[in-house]
Amino acid sequence: MKLAATMKIAATIARLLLGAIFVVFGMNLFLHFLPMGPMPTGPAEEFFGALTSTPYIQVIAVFQVIPGLFLLFNRFVVLGLALLAPVVFNILVFHILMAPSGALLAVIVAMLWMLVFHRHRSAFSGLLQKRAED
């Protein structure tokens, strides 16, 4: 099998996994169907407490579920990636700085995002221009 075909299959699998992860965990923020492990202590506990004691966590959930559905249904994938980029970044930063025990899953999610992004990188080319055209 050629490398391009293998990469296409890998990107499709990554897209589906990433979509499923964000739909399931985003819906869990609304419906609480997955048991939560022990809460981290210290700043991570305070940060998560601030999110969950306000409707802010529901906004985060929406920005996980909708782009996750975009990825699962293979519609508006580039928009889904753009919406998930700051979510993935914040997940990484949270786990690296405040709750390192979950950093492995955060890195896996980031790698899945990068694989799907790589497949659609041409759609983002306009964002990477040094100057805006007048």
# chains A, B, ... in the order shown; residues from 1 in each chain; ligands from 1

call {"tool": "residues_around", "arguments": {"residues": "region 115-131 of chain A", "least_positions_apart": "4", "cutoff": "7 Å", "atoms": "only C-alpha atoms", "output": "list of chain:residue names"}}
result
A:Ala11, A:Ala14, A:Arg15, A:Val78, A:Leu81, A:Met111

call {"tool": "closest_atom_pairs", "arguments": {"of": "region 73-119 of chain A", "to": "region 16-26 of chain A", "cutoff": "7 Å", "atoms": "only C-alpha atoms", "output": "CSV"}}
result
residue,atom,partner,partner_atom,distance
A:Val109,CA,A:Leu18,CA,6.8
A:Leu112,CA,A:Leu18,CA,6.3
A:Trp113,CA,A:Leu18,CA,6.9

call {"tool": "closest_residue", "arguments": {"among": "A:Ile9, A:Leu72, A:Ser101, A:Ala106", "to": "Val88 (chain A)", "atoms": "only C-alpha atoms"}}
result
A:Ala106

call {"tool": "residues_around", "arguments": {"residues": "Val93 (chain A)", "least_positions_apart": "6", "cutoff": "10 Å", "atoms": "only C-alpha atoms", "output": "ChimeraX atom specification"}}
result
/A:87,99-100,103,106

call {"tool": "atom_distance", "arguments": {"atom1": "CA of Ile108 (chain A)", "atom2": "CA of Ile91 (chain A)"}}
result
11.1 Å

call {"tool": "select_by_dssp", "arguments": {"residues": "chain A", "states": "helix (DSSP H, G or I)", "output": "ChimeraX atom specification"}}
result
/A:3-31,43-52,56-72,77-97,100-119,121-128

call {"tool": "closest_residue", "arguments": {"among": "A:Met36, A:Ile96, A:Leu29, A:Ala132", "to": "Phe63 (chain A)", "atoms": "only C-alpha atoms"}}
result
A:Leu29

call {"tool": "closest_residue", "arguments": {"among": "A:Met114, A:Leu71, A:Ala61, A:Ala85", "to": "Leu31 (chain A)", "atoms": "only C-alpha atoms"}}
result
A:Ala61

call {"tool": "residues_around", "arguments": {"residues": "Phe30 (chain A)", "least_positions_apart": "5", "cutoff": "12 Å", "atoms": "only C-alpha atoms", "output": "tab-separated table (two decimals) with C-alpha atoms, in the first residue's frame"}}
result
chain	number	residue	atom	x	y	z
A	23	VAL	CA	-18.65	14.00	21.54
A	24	VAL	CA	-18.52	11.51	24.43
A	25	PHE	CA	-16.56	13.66	26.86
A	52	THR	CA	-18.11	23.69	37.04
A	55	PRO	CA	-22.27	27.86	33.08
A	56	TYR	CA	-18.78	28.17	31.55
A	57	ILE	CA	-18.41	24.38	31.57
A	58	GLN	CA	-21.50	24.12	29.36
A	59	VAL	CA	-19.92	26.49	26.84
A	60	ILE	CA	-16.84	24.27	26.82
A	61	ALA	CA	-19.09	21.24	26.30
A	62	VAL	CA	-20.78	22.86	23.29
A	64	GLN	CA	-16.48	19.96	22.18
A	65	VAL	CA	-19.70	18.30	21.03

call {"tool": "closest_atom_pairs", "arguments": {"of": "region 67-99 of chain A", "to": "region 42-50 of chain A", "cutoff": "10 Å", "atoms": "only C-alpha atoms", "output": "CSV"}}
result
residue,atom,partner,partner_atom,distance
A:Phe94,CA,A:Ala44,CA,7.6
A:His95,CA,A:Ala44,CA,8.7
A:Leu97,CA,A:Ala44,CA,8.7
A:Met98,CA,A:Ala44,CA,5.1
A:Ala99,CA,A:Ala44,CA,6.2

call {"tool": "decode", "arguments": {"residues": "region 20-95 of chain A", "atoms": "C-alpha atoms", "output": "PDB file, in the first residue's frame"}}
result
ATOM      1  CA  ALA A  20     -15.865  10.329  19.236  1.00  0.00           C
ATOM      2  CA  ILE A  21     -13.652  11.511  22.106  1.00  0.00           C
ATOM      3  CA  PHE A  22     -15.024  15.045  21.994  1.00  0.00           C
ATOM      4  CA  VAL A  23     -18.654  14.000  21.542  1.00  0.00           C
ATOM      5  CA  VAL A  24     -18.518  11.510  24.427  1.00  0.00           C
ATOM      6  CA  PHE A  25     -16.556  13.664  26.863  1.00  0.00           C
ATOM      7  CA  GLY A  26     -18.417  16.825  25.839  1.00  0.00           C
ATOM      8  CA  MET A  27     -21.788  15.141  26.385  1.00  0.00           C
ATOM      9  CA  ASN A  28     -20.512  13.856  29.715  1.00  0.00           C
ATOM     10  CA  LEU A  29     -20.127  17.477  30.838  1.00  0.00           C
ATOM     11  CA  PHE A  30     -23.901  17.826  30.320  1.00  0.00           C
ATOM     12  CA  LEU A  31     -25.199  14.406  31.343  1.00  0.00           C
ATOM     13  CA  HIS A  32     -22.566  13.052  33.789  1.00  0.00           C
ATOM     14  CA  PHE A  33     -22.818   9.445  32.557  1.00  0.00           C
ATOM     15  CA  LEU A  34     -19.109   8.637  33.005  1.00  0.00           C
ATOM     16  CA  PRO A  35     -17.794   8.340  36.551  1.00  0.00           C
ATOM     17  CA  MET A  36     -15.154  10.918  37.326  1.00  0.00           C
ATOM     18  CA  GLY A  37     -11.979   9.745  38.979  1.00  0.00           C
ATOM     19  CA  PRO A  38     -10.634  11.454  42.060  1.00  0.00           C
ATOM     20  CA  MET A  39     -10.439  15.204  41.633  1.00  0.00           C
ATOM     21  CA  PRO A  40      -6.961  16.631  41.434  1.00  0.00           C
ATOM     22  CA  THR A  41      -5.943  18.830  44.318  1.00  0.00           C
ATOM     23  CA  GLY A  42      -4.456  22.295  44.465  1.00  0.00           C
ATOM     24  CA  PRO A  43      -4.777  24.733  41.558  1.00  0.00           C
ATOM     25  CA  ALA A  44      -6.318  22.099  39.281  1.00  0.00           C
ATOM     26  CA  GLU A  45      -9.143  21.562  41.776  1.00  0.00           C
ATOM     27  CA  GLU A  46      -9.714  25.314  42.089  1.00  0.00           C
ATOM     28  CA  PHE A  47      -9.642  25.793  38.309  1.00  0.00           C
ATOM     29  CA  PHE A  48     -12.056  22.929  37.656  1.00  0.00           C
ATOM     30  CA  GLY A  49     -14.263  24.119  40.511  1.00  0.00           C
ATOM     31  CA  ALA A  50     -14.517  27.565  38.943  1.00  0.00           C
ATOM     32  CA  LEU A  51     -15.501  26.024  35.604  1.00  0.00           C
ATOM     33  CA  THR A  52     -18.115  23.688  37.041  1.00  0.00           C
ATOM     34  CA  SER A  53     -19.691  26.197  39.402  1.00  0.00           C
ATOM     35  CA  THR A  54     -20.644  28.447  36.480  1.00  0.00           C
ATOM     36  CA  PRO A  55     -22.267  27.859  33.079  1.00  0.00           C
ATOM     37  CA  TYR A  56     -18.781  28.174  31.553  1.00  0.00           C
ATOM     38  CA  ILE A  57     -18.411  24.380  31.572  1.00  0.00           C
ATOM     39  CA  GLN A  58     -21.501  24.117  29.359  1.00  0.00           C
ATOM     40  CA  VAL A  59     -19.923  26.491  26.840  1.00  0.00           C
ATOM     41  CA  ILE A  60     -16.844  24.269  26.821  1.00  0.00           C
ATOM     42  CA  ALA A  61     -19.090  21.240  26.302  1.00  0.00           C
ATOM     43  CA  VAL A  62     -20.779  22.860  23.293  1.00  0.00           C
ATOM     44  CA  PHE A  63     -17.353  23.636  21.813  1.00  0.00           C
ATOM     45  CA  GLN A  64     -16.483  19.963  22.184  1.00  0.00           C
ATOM     46  CA  VAL A  65     -19.703  18.297  21.033  1.00  0.00           C
ATOM     47  CA  ILE A  66     -20.453  20.338  17.899  1.00  0.00           C
ATOM     48  CA  PRO A  67     -16.956  20.135  16.379  1.00  0.00           C
ATOM     49  CA  GLY A  68     -16.808  16.475  17.425  1.00  0.00           C
ATOM     50  CA  LEU A  69     -19.982  15.850  15.429  1.00  0.00           C
ATOM     51  CA  PHE A  70     -18.472  17.712  12.473  1.00  0.00           C
ATOM     52  CA  LEU A  71     -15.544  15.292  12.562  1.00  0.00           C
ATOM     53  CA  LEU A  72     -17.687  12.189  13.028  1.00  0.00           C
ATOM     54  CA  PHE A  73     -19.996  13.044  10.134  1.00  0.00           C
ATOM     55  CA  ASN A  74     -17.137  14.287   7.938  1.00  0.00           C
ATOM     56  CA  ARG A  75     -18.856  17.640   7.428  1.00  0.00           C
ATOM     57  CA  PHE A  76     -17.197  21.012   8.121  1.00  0.00           C
ATOM     58  CA  VAL A  77     -14.075  19.146   9.245  1.00  0.00           C
ATOM     59  CA  VAL A  78     -11.857  22.220   8.848  1.00  0.00           C
ATOM     60  CA  LEU A  79     -14.253  24.320  10.951  1.00  0.00           C
ATOM     61  CA  GLY A  80     -14.320  21.523  13.529  1.00  0.00           C
ATOM     62  CA  LEU A  81     -10.525  21.498  13.666  1.00  0.00           C
ATOM     63  CA  ALA A  82     -10.417  25.276  14.031  1.00  0.00           C
ATOM     64  CA  LEU A  83     -12.939  25.184  16.894  1.00  0.00           C
ATOM     65  CA  LEU A  84     -11.150  22.319  18.627  1.00  0.00           C
ATOM     66  CA  ALA A  85      -7.659  23.861  18.391  1.00  0.00           C
ATOM     67  CA  PRO A  86      -8.050  26.103  21.475  1.00  0.00           C
ATOM     68  CA  VAL A  87      -9.839  23.308  23.351  1.00  0.00           C
ATOM     69  CA  VAL A  88      -6.976  20.888  22.672  1.00  0.00           C
ATOM     70  CA  PHE A  89      -4.439  23.573  23.610  1.00  0.00           C
ATOM     71  CA  ASN A  90      -6.190  24.245  26.921  1.00  0.00           C
ATOM     72  CA  ILE A  91      -6.455  20.538  27.703  1.00  0.00           C
ATOM     73  CA  LEU A  92      -2.708  20.183  27.104  1.00  0.00           C
ATOM     74  CA  VAL A  93      -1.791  23.218  29.186  1.00  0.00           C
ATOM     75  CA  PHE A  94      -4.121  22.185  32.022  1.00  0.00           C
ATOM     76  CA  HIS A  95      -2.593  18.717  32.244  1.00  0.00           C
TER      77      HIS A  95
END
